[in-house]
Amino acid sequence: MNIMKETYGFFMPSVNVMGAGSVEDIGGLIKDNKGTKALVVTDSVLVEIGIVEKVTQHIEEAGLEFVVFDGVQPNPTVSNVEAGLDLLESEDCDIVISLGGGSPHDCAKGIALVATNGGSIKDYEGVDQSTEPMMPLIAVNTTAGTASEMTRFCIITDEERHVKMAIVDWRVTPNASINDPVLMMKKPPALTAATGMDALTHAVEAYMSTIATPVTDSAALMAIKLISENLRNAVANGDNFEARDNMAYAQFLAGMAFNNASLGFVHAMAHQLGGFYDLPHGVCNAILLPHVTEYNLISNPQRVADIAEAMGENIDGLSTRDAADKGIDAIKKLSIDIGIPATLSDIEGVKKEDFPTLADACSATNPRTATKEQVIDIYNAAY
């Protein structure tokens with residue numbers, strides 16, 4: 001028997017701490033990584049609402065030093081990375097702590113990577129462009145969406161080009177992650193909705209990916225199930241601990257899936273939108289997801305039918321195609337129920353005439369290929 005070589009990697013942090021009160025372990029994790037003075041990378045909102053203090057008190061209790069960099073923007077930029085790196089070097093920090101959602105995590109990854117590899121974060125756009133391990137990074141997560149606390153992806157906006165750079169590098173995988181649902185309580189409904197749909201998009205695209213495996217499939221389907229069962233409740237009541245806890249697991253599972261099976265046209269197109277108009281990533285994903293899934297349907301209708309079943313739809317007795325249609329409808333219903341804008345035209349500033357410029361999006365692992373004109377057509381359908 002002649003078997004061609006075909007290998008798949010699986011990447012995630014070495015240590016992942018979850019559950020209520022898990023943030024209290026941060027001091028021990030810093031010491032495990034030989035850290036003595038931490039740069040805490042976060043945003044000003046988390047400082048104002050007291051989340052940063054809740055975390056740094058545990059660093060102090062461990063007898064360790066820290067300095068806070070709270071200059072991260074919602075879509076972190078090259079300038080954010082450079083400012084954080086300047087503070088890290090001037091304060092002689094030897095470990096990085098990211099605190100927040102995807103924006104602080106991605107900015108922290110950029111800082112930690114450039115700290116040991118030199119140059120500019122722009123030098124590392126692409127796949128595995130670094131040569132040295134980044135400075136130790138512990139990611140403390142406060143949203144159930146991006147899974148950036150455990151992935152090898154780092155998205156940084158290049159202000160000069162108005163594009164979101166994708167740094168995909170196993171060396172930017174954090175050394176450890178913390179997902180404490182207590183830190184996710186009381187998050188605003190709009191943020192909960194957007195980050196939750198980001199997680200759903202990760203799971204759906206990973207399940208549809210051309211390099212999906214049984215390992216990533218199991219994580220993706222469980223993520224879809226948990227999101228479908230819990231996101232509405234988390235949006236409706238930010239103090240619903242069970243919903244928050246399940247969403248924390250769901251987004252982590254979705255991260256496990258897409259970190260290894262990769263993503264498709266939804267994310268490629270959403271990054272173009274977000275970089276061009278400075279829009280919330282999760283909202284862009286949510287609007288595009290049903291349209292891209294419908295475009296991809298002919299590539300594997302059974303997988304879309306599986307998504308319908310994972311979302312709680314009754315597909316007994318239906319043809320595969322009819323079951324798949326219920327999957328697309330279920331995605332739309334969830335998005336509408338939690339208050340996501342229905343179309344791109346509902347977002348101020350988005351213009352159809354810009355779509356040809358944005359349609360350079362590409363994804364090698366999307367299950368159906370597309371011409372530039374077809375990508376424009378998807379944008380138009382979402383408009």
# chains A, B, ... in the order shown; residues from 1 in each chain; ligands from 1

call {"tool": "residues_around", "arguments": {"residues": "Met222 in chain A", "least_positions_apart": "3", "cutoff": "12 Å", "atoms": "only C-alpha atoms", "output": "NGL selection string"}}
result
:A and (199-200 or 203-204 or 207 or 215-219 or 225-229 or 246-247 or 249-257 or 306-307 or 309-312)

call {"tool": "closest_atom_pairs", "arguments": {"of": "range 170-198 of chain A", "to": "range 337-341 of chain A", "cutoff": "10 Å", "atoms": "only C-alpha atoms", "output": "JSON lines"}}
result
{"residue": "A:Pro189", "atom": "CA", "partner": "A:Ile338", "partner_atom": "CA", "distance": 8.0}
{"residue": "A:Ala190", "atom": "CA", "partner": "A:Gly339", "partner_atom": "CA", "distance": 7.4}
{"residue": "A:Thr192", "atom": "CA", "partner": "A:Ile338", "partner_atom": "CA", "distance": 8.9}
{"residue": "A:Ala193", "atom": "CA", "partner": "A:Ile338", "partner_atom": "CA", "distance": 5.9}
{"residue": "A:Ala194", "atom": "CA", "partner": "A:Ile340", "partner_atom": "CA", "distance": 7.3}
{"residue": "A:Gly196", "atom": "CA", "partner": "A:Ile338", "partner_atom": "CA", "distance": 9.6}
{"residue": "A:Met197", "atom": "CA", "partner": "A:Ile340", "partner_atom": "CA", "distance": 8.9}

call {"tool": "write_last_selection", "arguments": {"atoms": "C-alpha atoms", "output": "CSV table (one decimal), in the first residue's frame"}}
result
chain,number,residue,atom,x,y,z
A,189,PRO,CA,-24.9,42.8,26.0
A,190,ALA,CA,-23.4,44.2,22.7
A,192,THR,CA,-21.2,39.7,24.7
A,193,ALA,CA,-23.1,39.3,21.5
A,194,ALA,CA,-20.2,40.3,19.2
A,196,GLY,CA,-20.0,35.2,21.1
A,197,MET,CA,-20.7,35.3,17.4

call {"tool": "closest_atom_pairs", "arguments": {"of": "range 119-226 of chain A", "to": "range 81-97 of chain A", "cutoff": "10 Å", "atoms": "only C-alpha atoms", "output": "JSON lines"}}
result
{"residue": "A:Ser120", "atom": "CA", "partner": "A:Glu82", "partner_atom": "CA", "distance": 7.9}
{"residue": "A:Ile121", "atom": "CA", "partner": "A:Val81", "partner_atom": "CA", "distance": 7.5}
{"residue": "A:Met134", "atom": "CA", "partner": "A:Ile95", "partner_atom": "CA", "distance": 9.7}
{"residue": "A:Met135", "atom": "CA", "partner": "A:Ile95", "partner_atom": "CA", "distance": 6.1}
{"residue": "A:Pro136", "atom": "CA", "partner": "A:Ile95", "partner_atom": "CA", "distance": 5.2}
{"residue": "A:Leu137", "atom": "CA", "partner": "A:Val96", "partner_atom": "CA", "distance": 4.8}
{"residue": "A:Ile138", "atom": "CA", "partner": "A:Ile97", "partner_atom": "CA", "distance": 4.9}
{"residue": "A:Ala139", "atom": "CA", "partner": "A:Ile97", "partner_atom": "CA", "distance": 5.8}
{"residue": "A:Val140", "atom": "CA", "partner": "A:Ile97", "partner_atom": "CA", "distance": 7.2}
{"residue": "A:Ile156", "atom": "CA", "partner": "A:Val81", "partner_atom": "CA", "distance": 8.5}
{"residue": "A:Pro174", "atom": "CA", "partner": "A:Ile97", "partner_atom": "CA", "distance": 9.5}
{"residue": "A:Ala176", "atom": "CA", "partner": "A:Ile97", "partner_atom": "CA", "distance": 9.8}
{"residue": "A:Ser177", "atom": "CA", "partner": "A:Ile97", "partner_atom": "CA", "distance": 9.8}

call {"tool": "write_last_selection", "arguments": {"atoms": "C-alpha atoms", "output": "tab-separated table (two decimals), in the first residue's frame"}}
result
chain	number	residue	atom	x	y	z
A	120	SER	CA	9.02	45.78	13.85
A	121	ILE	CA	5.90	43.67	14.23
A	134	MET	CA	8.85	35.32	22.39
A	135	MET	CA	9.14	36.66	25.93
A	136	PRO	CA	7.01	34.51	28.31
A	137	LEU	CA	3.34	35.45	28.01
A	138	ILE	CA	0.42	34.59	30.29
A	139	ALA	CA	-2.99	35.47	28.83
A	140	VAL	CA	-5.83	36.30	31.22
A	156	ILE	CA	-2.40	43.82	14.22
A	174	PRO	CA	0.92	32.02	25.05
A	176	ALA	CA	-0.36	29.80	29.76
A	177	SER	CA	-3.99	30.93	29.61

call {"tool": "residues_around", "arguments": {"residues": "range 40-46 of chain A", "least_positions_apart": "5", "cutoff": "12 Å", "atoms": "only C-alpha atoms", "output": "PyMOL selection string"}}
result
chain A and resi 26+30+51-56+59+65-76+80-81+83-85+87-88+91+93-112+137-143+183-184+187

call {"tool": "residues_around", "arguments": {"residues": "range 316-326 of chain A", "least_positions_apart": "2", "cutoff": "12 Å", "atoms": "only C-alpha atoms", "output": "PyMOL selection string"}}
result
chain A and resi 290-291+293-314+328-333

call {"tool": "write_last_selection", "arguments": {"atoms": "C-alpha atoms", "output": "PDB file, in the first residue's frame"}}
result
ATOM      1  CA  PRO A 290     -24.576  32.947   7.038  1.00  0.00           C
ATOM      2  CA  HIS A 291     -23.752  34.324   3.596  1.00  0.00           C
ATOM      3  CA  THR A 293     -21.829  29.390   4.790  1.00  0.00           C
ATOM      4  CA  GLU A 294     -24.504  29.499   2.083  1.00  0.00           C
ATOM      5  CA  TYR A 295     -21.799  30.077  -0.537  1.00  0.00           C
ATOM      6  CA  ASN A 296     -19.829  27.117   0.839  1.00  0.00           C
ATOM      7  CA  LEU A 297     -22.882  24.854   1.048  1.00  0.00           C
ATOM      8  CA  ILE A 298     -22.280  22.931  -2.179  1.00  0.00           C
ATOM      9  CA  SER A 299     -18.790  21.929  -1.026  1.00  0.00           C
ATOM     10  CA  ASN A 300     -20.116  19.775   1.829  1.00  0.00           C
ATOM     11  CA  PRO A 301     -23.851  20.023   2.636  1.00  0.00           C
ATOM     12  CA  GLN A 302     -23.571  17.249   5.231  1.00  0.00           C
ATOM     13  CA  ARG A 303     -21.286  19.392   7.360  1.00  0.00           C
ATOM     14  CA  VAL A 304     -23.760  22.271   7.322  1.00  0.00           C
ATOM     15  CA  ALA A 305     -26.473  19.777   8.300  1.00  0.00           C
ATOM     16  CA  ASP A 306     -24.251  18.706  11.208  1.00  0.00           C
ATOM     17  CA  ILE A 307     -24.064  22.352  12.260  1.00  0.00           C
ATOM     18  CA  ALA A 308     -27.865  22.542  12.234  1.00  0.00           C
ATOM     19  CA  GLU A 309     -28.072  19.535  14.532  1.00  0.00           C
ATOM     20  CA  ALA A 310     -25.408  20.964  16.870  1.00  0.00           C
ATOM     21  CA  MET A 311     -27.470  24.157  17.066  1.00  0.00           C
ATOM     22  CA  GLY A 312     -30.464  22.185  18.289  1.00  0.00           C
ATOM     23  CA  GLU A 313     -32.440  22.061  15.055  1.00  0.00           C
ATOM     24  CA  ASN A 314     -34.671  19.032  14.453  1.00  0.00           C
ATOM     25  CA  ILE A 328     -27.953  28.563   7.890  1.00  0.00           C
ATOM     26  CA  ASP A 329     -31.323  29.767   9.208  1.00  0.00           C
ATOM     27  CA  ALA A 330     -30.282  28.888  12.780  1.00  0.00           C
ATOM     28  CA  ILE A 331     -27.166  31.056  12.452  1.00  0.00           C
ATOM     29  CA  LYS A 332     -29.291  33.971  11.218  1.00  0.00           C
ATOM     30  CA  LYS A 333     -31.839  33.540  14.019  1.00  0.00           C
TER      31      LYS A 333
END

call {"tool": "closest_residue", "arguments": {"among": "A:Val47, A:Thr371, A:Ala147, A:Ala381", "to": "Pro13 in chain A", "atoms": "only C-alpha atoms"}}
result
A:Ala147

call {"tool": "select_by_dssp", "arguments": {"residues": "range 141-288 of chain A", "states": "alpha helix (DSSP H)", "output": "ChimeraX atom specification"}}
result
/A:189-208,214-236,241-261,265-277,281-288

call {"tool": "closest_residue", "arguments": {"among": "A:Gly27, A:Gly21, A:Gly50, A:Gly9", "to": "Asp180 in chain A", "atoms": "only C-alpha atoms"}}
result
A:Gly21

call {"tool": "closest_residue", "arguments": {"among": "A:Ala234, A:Ala364, A:Ile211, A:Val114", "to": "Ala144 in chain A", "atoms": "only C-alpha atoms"}}
result
A:Ala234

call {"tool": "atom_distance", "arguments": {"atom1": "CA of Pro181 in chain A", "atom2": "CA of Leu64 in chain A"}}
result
24.2 Å

call {"tool": "closest_residue", "arguments": {"among": "A:Asp239, A:Glu159, A:Ser335, A:Leu288", "to": "Ile376 in chain A", "atoms": "only C-alpha atoms"}}
result
A:Leu288

call {"tool": "select_by_dssp", "arguments": {"residues": "range 83-188 of chain A", "states": "strand (DSSP E)", "output": "number ranges by chain"}}
result
A: 95-100, 126-127, 137-141, 153-158, 163-168, 176-179

call {"tool": "closest_residue", "arguments": {"among": "A:Thr195, A:His267, A:Asp354, A:Thr213", "to": "Glu6 in chain A", "atoms": "only C-alpha atoms"}}
result
A:Thr213

call {"tool": "residues_around", "arguments": {"residues": "Ala268 in chain A", "least_positions_apart": "4", "cutoff": "12 Å", "atoms": "only C-alpha atoms", "output": "PyMOL selection string"}}
result
chain A and resi 155+163-166+201-202+205+262-264+272-275+281+284-285+288-289+292+358-366+375+379
